[in-house]
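Here's data07.csv, which has CSV, N, CA and C atoms:
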```csv
chain,number,residue,atom,x,y,z
A,1,MET,N,4.3,25.6,-1.8
A,1,MET,CA,3.9,24.2,-1.5
A,1,MET,C,4.6,23.9,-0.2
A,2,CYS,N,3.9,23.3,0.7
A,2,CYS,CA,4.5,22.9,2.0
A,2,CYS,C,5.2,21.6,1.8
A,3,SER,N,6.1,21.3,2.7
A,3,SER,CA,7.0,20.1,2.5
A,3,SER,C,6.2,18.8,2.6
A,4,ILE,N,5.1,18.8,3.3
A,4,ILE,CA,4.3,17.6,3.3
A,4,ILE,C,3.7,17.2,2.0
A,5,LYS,N,3.2,18.3,1.3
A,5,LYS,CA,2.6,18.0,-0.1
A,5,LYS,C,3.8,17.7,-1.0
A,6,GLY,N,4.9,18.3,-0.9
A,6,GLY,CA,6.0,18.0,-1.7
A,6,GLY,C,6.5,16.6,-1.5
A,7,ALA,N,6.5,16.1,-0.3
A,7,ALA,CA,6.9,14.7,0.0
A,7,ALA,C,5.8,13.7,-0.6
A,8,ALA,N,4.6,14.1,-0.5
A,8,ALA,CA,3.5,13.3,-1.1
A,8,ALA,C,3.6,13.2,-2.6
A,9,ILE,N,3.9,14.3,-3.2
A,9,ILE,CA,4.1,14.3,-4.7
A,9,ILE,C,5.3,13.5,-5.1
A,10,ASP,N,6.4,13.5,-4.3
A,10,ASP,CA,7.5,12.7,-4.5
A,10,ASP,C,7.2,11.2,-4.5
A,11,ARG,N,6.4,10.8,-3.5
A,11,ARG,CA,6.0,9.4,-3.3
A,11,ARG,C,5.1,9.0,-4.5
A,12,ILE,N,4.3,9.9,-5.0
A,12,ILE,CA,3.4,9.5,-6.1
A,12,ILE,C,4.3,9.3,-7.4
A,13,ALA,N,5.3,10.2,-7.5
A,13,ALA,CA,6.2,10.1,-8.7
A,13,ALA,C,7.0,8.8,-8.6
A,14,GLU,N,7.4,8.5,-7.5
A,14,GLU,CA,8.2,7.2,-7.3
A,14,GLU,C,7.3,6.0,-7.6
A,15,ALA,N,6.0,6.1,-7.1
A,15,ALA,CA,5.1,5.0,-7.4
A,15,ALA,C,4.8,4.8,-8.9
A,16,ILE,N,4.7,6.0,-9.6
A,16,ILE,CA,4.5,5.9,-11.0
A,16,ILE,C,5.7,5.4,-11.7
A,17,ASP,N,6.9,5.8,-11.3
A,17,ASP,CA,8.1,5.2,-11.9
A,17,ASP,C,8.2,3.7,-11.7
A,18,GLN,N,7.8,3.3,-10.5
A,18,GLN,CA,7.9,1.9,-10.2
A,18,GLN,C,6.8,1.1,-11.0
A,19,LEU,N,5.7,1.7,-11.2
A,19,LEU,CA,4.6,1.1,-12.0
A,19,LEU,C,5.1,0.9,-13.5
A,20,ALA,N,5.8,2.0,-14.0
A,20,ALA,CA,6.3,1.9,-15.4
A,20,ALA,C,7.3,0.8,-15.5
A,21,SER,N,8.1,0.6,-14.5
A,21,SER,CA,9.1,-0.5,-14.5
A,21,SER,C,8.4,-1.8,-14.4
A,22,ASP,N,7.4,-1.9,-13.6
A,22,ASP,CA,6.6,-3.2,-13.4
A,22,ASP,C,5.9,-3.6,-14.7
A,23,VAL,N,5.5,-2.6,-15.5
A,23,VAL,CA,4.8,-2.9,-16.8
A,23,VAL,C,5.8,-3.6,-17.7
A,24,GLN,N,7.1,-3.2,-17.6
A,24,GLN,CA,8.1,-3.9,-18.5
A,24,GLN,C,8.5,-5.2,-17.9
A,25,GLY,N,8.2,-5.5,-16.7
A,25,GLY,CA,8.6,-6.7,-16.0
A,25,GLY,C,7.6,-7.8,-16.1
A,26,GLU,N,7.5,-8.7,-15.1
A,26,GLU,CA,6.6,-9.8,-15.1
A,26,GLU,C,5.4,-9.7,-14.3
A,27,ALA,N,5.0,-8.4,-13.9
A,27,ALA,CA,3.8,-8.2,-13.1
A,27,ALA,C,2.6,-8.6,-13.9
A,28,SER,N,1.6,-9.2,-13.2
A,28,SER,CA,0.3,-9.6,-13.8
A,28,SER,C,-0.6,-8.4,-14.0
A,29,GLY,N,-1.6,-8.5,-14.8
A,29,GLY,CA,-2.5,-7.4,-14.9
A,29,GLY,C,-3.2,-7.1,-13.6
A,30,GLN,N,-3.5,-8.1,-12.8
A,30,GLN,CA,-4.1,-7.8,-11.5
A,30,GLN,C,-3.1,-7.1,-10.6
A,31,GLN,N,-1.8,-7.4,-10.6
A,31,GLN,CA,-0.9,-6.7,-9.8
A,31,GLN,C,-0.8,-5.2,-10.3
A,32,LEU,N,-0.8,-5.0,-11.6
A,32,LEU,CA,-0.7,-3.7,-12.1
A,32,LEU,C,-1.9,-2.9,-11.7
A,33,ALA,N,-3.1,-3.5,-11.8
A,33,ALA,CA,-4.3,-2.8,-11.4
A,33,ALA,C,-4.3,-2.4,-10.0
A,34,ALA,N,-3.7,-3.2,-9.1
A,34,ALA,CA,-3.6,-2.9,-7.7
A,34,ALA,C,-2.7,-1.7,-7.5
A,35,ARG,N,-1.6,-1.7,-8.3
A,35,ARG,CA,-0.6,-0.6,-8.2
A,35,ARG,C,-1.3,0.7,-8.6
A,36,VAL,N,-2.0,0.7,-9.7
A,36,VAL,CA,-2.7,1.9,-10.1
A,36,VAL,C,-3.7,2.4,-9.1
A,37,ALA,N,-4.4,1.4,-8.4
A,37,ALA,CA,-5.4,1.8,-7.4
A,37,ALA,C,-4.7,2.4,-6.2
A,38,GLU,N,-3.5,1.9,-5.8
A,38,GLU,CA,-2.7,2.5,-4.8
A,38,GLU,C,-2.3,4.0,-5.1
A,39,ILE,N,-1.9,4.2,-6.4
A,39,ILE,CA,-1.5,5.5,-6.8
A,39,ILE,C,-2.7,6.4,-6.7
A,40,TRP,N,-3.8,5.9,-7.2
A,40,TRP,CA,-5.1,6.7,-7.2
A,40,TRP,C,-5.4,7.1,-5.7
A,41,LEU,N,-5.2,6.2,-4.8
A,41,LEU,CA,-5.5,6.6,-3.4
A,41,LEU,C,-4.5,7.7,-2.9
A,42,MET,N,-3.3,7.6,-3.3
A,42,MET,CA,-2.3,8.6,-2.9
A,42,MET,C,-2.7,10.0,-3.5
A,43,VAL,N,-3.1,10.0,-4.8
A,43,VAL,CA,-3.6,11.2,-5.4
A,43,VAL,C,-4.8,11.8,-4.7
A,44,SER,N,-5.8,10.9,-4.4
A,44,SER,CA,-7.0,11.3,-3.8
A,44,SER,C,-6.8,11.9,-2.4
A,45,ALA,N,-5.8,11.3,-1.7
A,45,ALA,CA,-5.5,11.9,-0.4
A,45,ALA,C,-4.9,13.3,-0.5
A,46,LEU,N,-4.1,13.5,-1.5
A,46,LEU,CA,-3.5,14.8,-1.8
A,46,LEU,C,-4.5,15.8,-2.2
A,47,ASP,N,-5.5,15.4,-3.0
A,47,ASP,CA,-6.5,16.3,-3.6
A,47,ASP,C,-7.9,15.7,-3.5
A,48,PRO,N,-8.5,15.9,-2.3
A,48,PRO,CA,-9.8,15.3,-2.1
A,48,PRO,C,-10.9,15.8,-3.1
A,49,GLU,N,-10.7,17.0,-3.6
A,49,GLU,CA,-11.7,17.6,-4.6
A,49,GLU,C,-11.6,16.7,-5.9
A,50,LEU,N,-10.5,16.4,-6.3
A,50,LEU,CA,-10.3,15.5,-7.5
A,50,LEU,C,-11.0,14.2,-7.2
A,51,ALA,N,-10.9,13.6,-6.1
A,51,ALA,CA,-11.6,12.4,-5.7
A,51,ALA,C,-13.1,12.5,-5.8
A,52,ARG,N,-13.6,13.7,-5.3
A,52,ARG,CA,-15.0,13.9,-5.4
A,52,ARG,C,-15.5,14.0,-6.8
A,53,ARG,N,-14.7,14.7,-7.7
A,53,ARG,CA,-15.1,14.8,-9.1
A,53,ARG,C,-15.1,13.5,-9.8
A,54,LYS,N,-14.1,12.7,-9.5
A,54,LYS,CA,-14.0,11.3,-10.1
A,54,LYS,C,-15.3,10.5,-9.7
A,55,GLN,N,-15.8,10.7,-8.5
A,55,GLN,CA,-17.0,9.9,-8.1
A,55,GLN,C,-18.1,10.3,-9.0
A,56,ARG,N,-18.3,11.6,-9.3
A,56,ARG,CA,-19.4,12.0,-10.2
A,56,ARG,C,-19.3,11.3,-11.6
A,57,TYR,N,-18.1,11.2,-12.1
A,57,TYR,CA,-17.9,10.6,-13.4
A,57,TYR,C,-18.2,9.1,-13.4
A,58,ALA,N,-17.9,8.4,-12.2
A,58,ALA,CA,-18.1,7.0,-12.1
A,58,ALA,C,-19.5,6.6,-11.7
A,59,THR,N,-20.3,7.5,-11.3
A,59,THR,CA,-21.7,7.2,-10.8
A,59,THR,C,-22.7,7.5,-12.0
A,60,PRO,N,-23.4,6.5,-12.4
A,60,PRO,CA,-24.4,6.7,-13.4
A,60,PRO,C,-25.5,7.7,-13.0
A,61,ALA,N,-26.2,8.3,-13.9
A,61,ALA,CA,-27.1,9.4,-13.7
A,61,ALA,C,-28.2,8.9,-12.7
A,62,ASP,N,-28.6,7.6,-12.7
A,62,ASP,CA,-29.6,7.2,-11.8
A,62,ASP,C,-29.1,6.9,-10.4
A,63,GLY,N,-27.9,7.2,-10.2
A,63,GLY,CA,-27.3,7.1,-8.8
A,63,GLY,C,-26.8,5.7,-8.4
A,64,THR,N,-27.1,4.7,-9.2
A,64,THR,CA,-26.6,3.4,-8.9
A,64,THR,C,-25.1,3.3,-9.1
A,65,PRO,N,-24.3,2.6,-8.2
A,65,PRO,CA,-22.9,2.5,-8.4
A,65,PRO,C,-22.6,1.7,-9.7
A,66,SER,N,-21.5,2.1,-10.3
A,66,SER,CA,-21.1,1.4,-11.5
A,66,SER,C,-20.4,0.1,-11.1
A,67,ALA,N,-20.5,-0.9,-12.0
A,67,ALA,CA,-20.0,-2.2,-11.7
A,67,ALA,C,-18.5,-2.3,-11.8
```
For this file, produce the structure as structure tokens.
Amino acid sequence: MCSIKGAAIDRIAEAIDQLASDVQGEASGQQLAARVAEIWLMVSALDPELARRKQRYATPADGTPSA
């Protein structure tokens, strides 16, 4: 693994740890959802294929975007 990927994984792990801490604190559901979305963006940037697969799961068979 190259150091760039290693650093990205470290940032994701730190963000997950912070999210776990925020869940125990006073963060609102909206703030937590935003944090999860940020983590998902970091994961997607690290693994674009995973992001493409996720899109298939989120798109209904008729091709219309999910709400």
Straight-line distance linking atom CA of Gln55 of chain A with atom CA of Ser21 of chain A, stated in Å to one decimal: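 One can read the atom CA of Gln55 of chain A to atom CA of Ser21 of chain A distance as 28.8 Å.
Of note, atom C of Ile4 of chain A and atom C of Val43 of chain A are spaced 12.1 Å apart.
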If you measure from atom N of Ile39 of chain A to atom CA of Leu19 of chain A, what distance in Å do you get, rounded to one decimal? 9.1 Å
Please determine, counting only C-alpha atoms, which residue among A:Leu32, A:Lys54, A:Glu49, A:Ala37 has the shortest atom-to-atom distance to Ile12 of chain A.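 That would be A:Ala37, the residue with the smallest distance to Ile12 of chain A.
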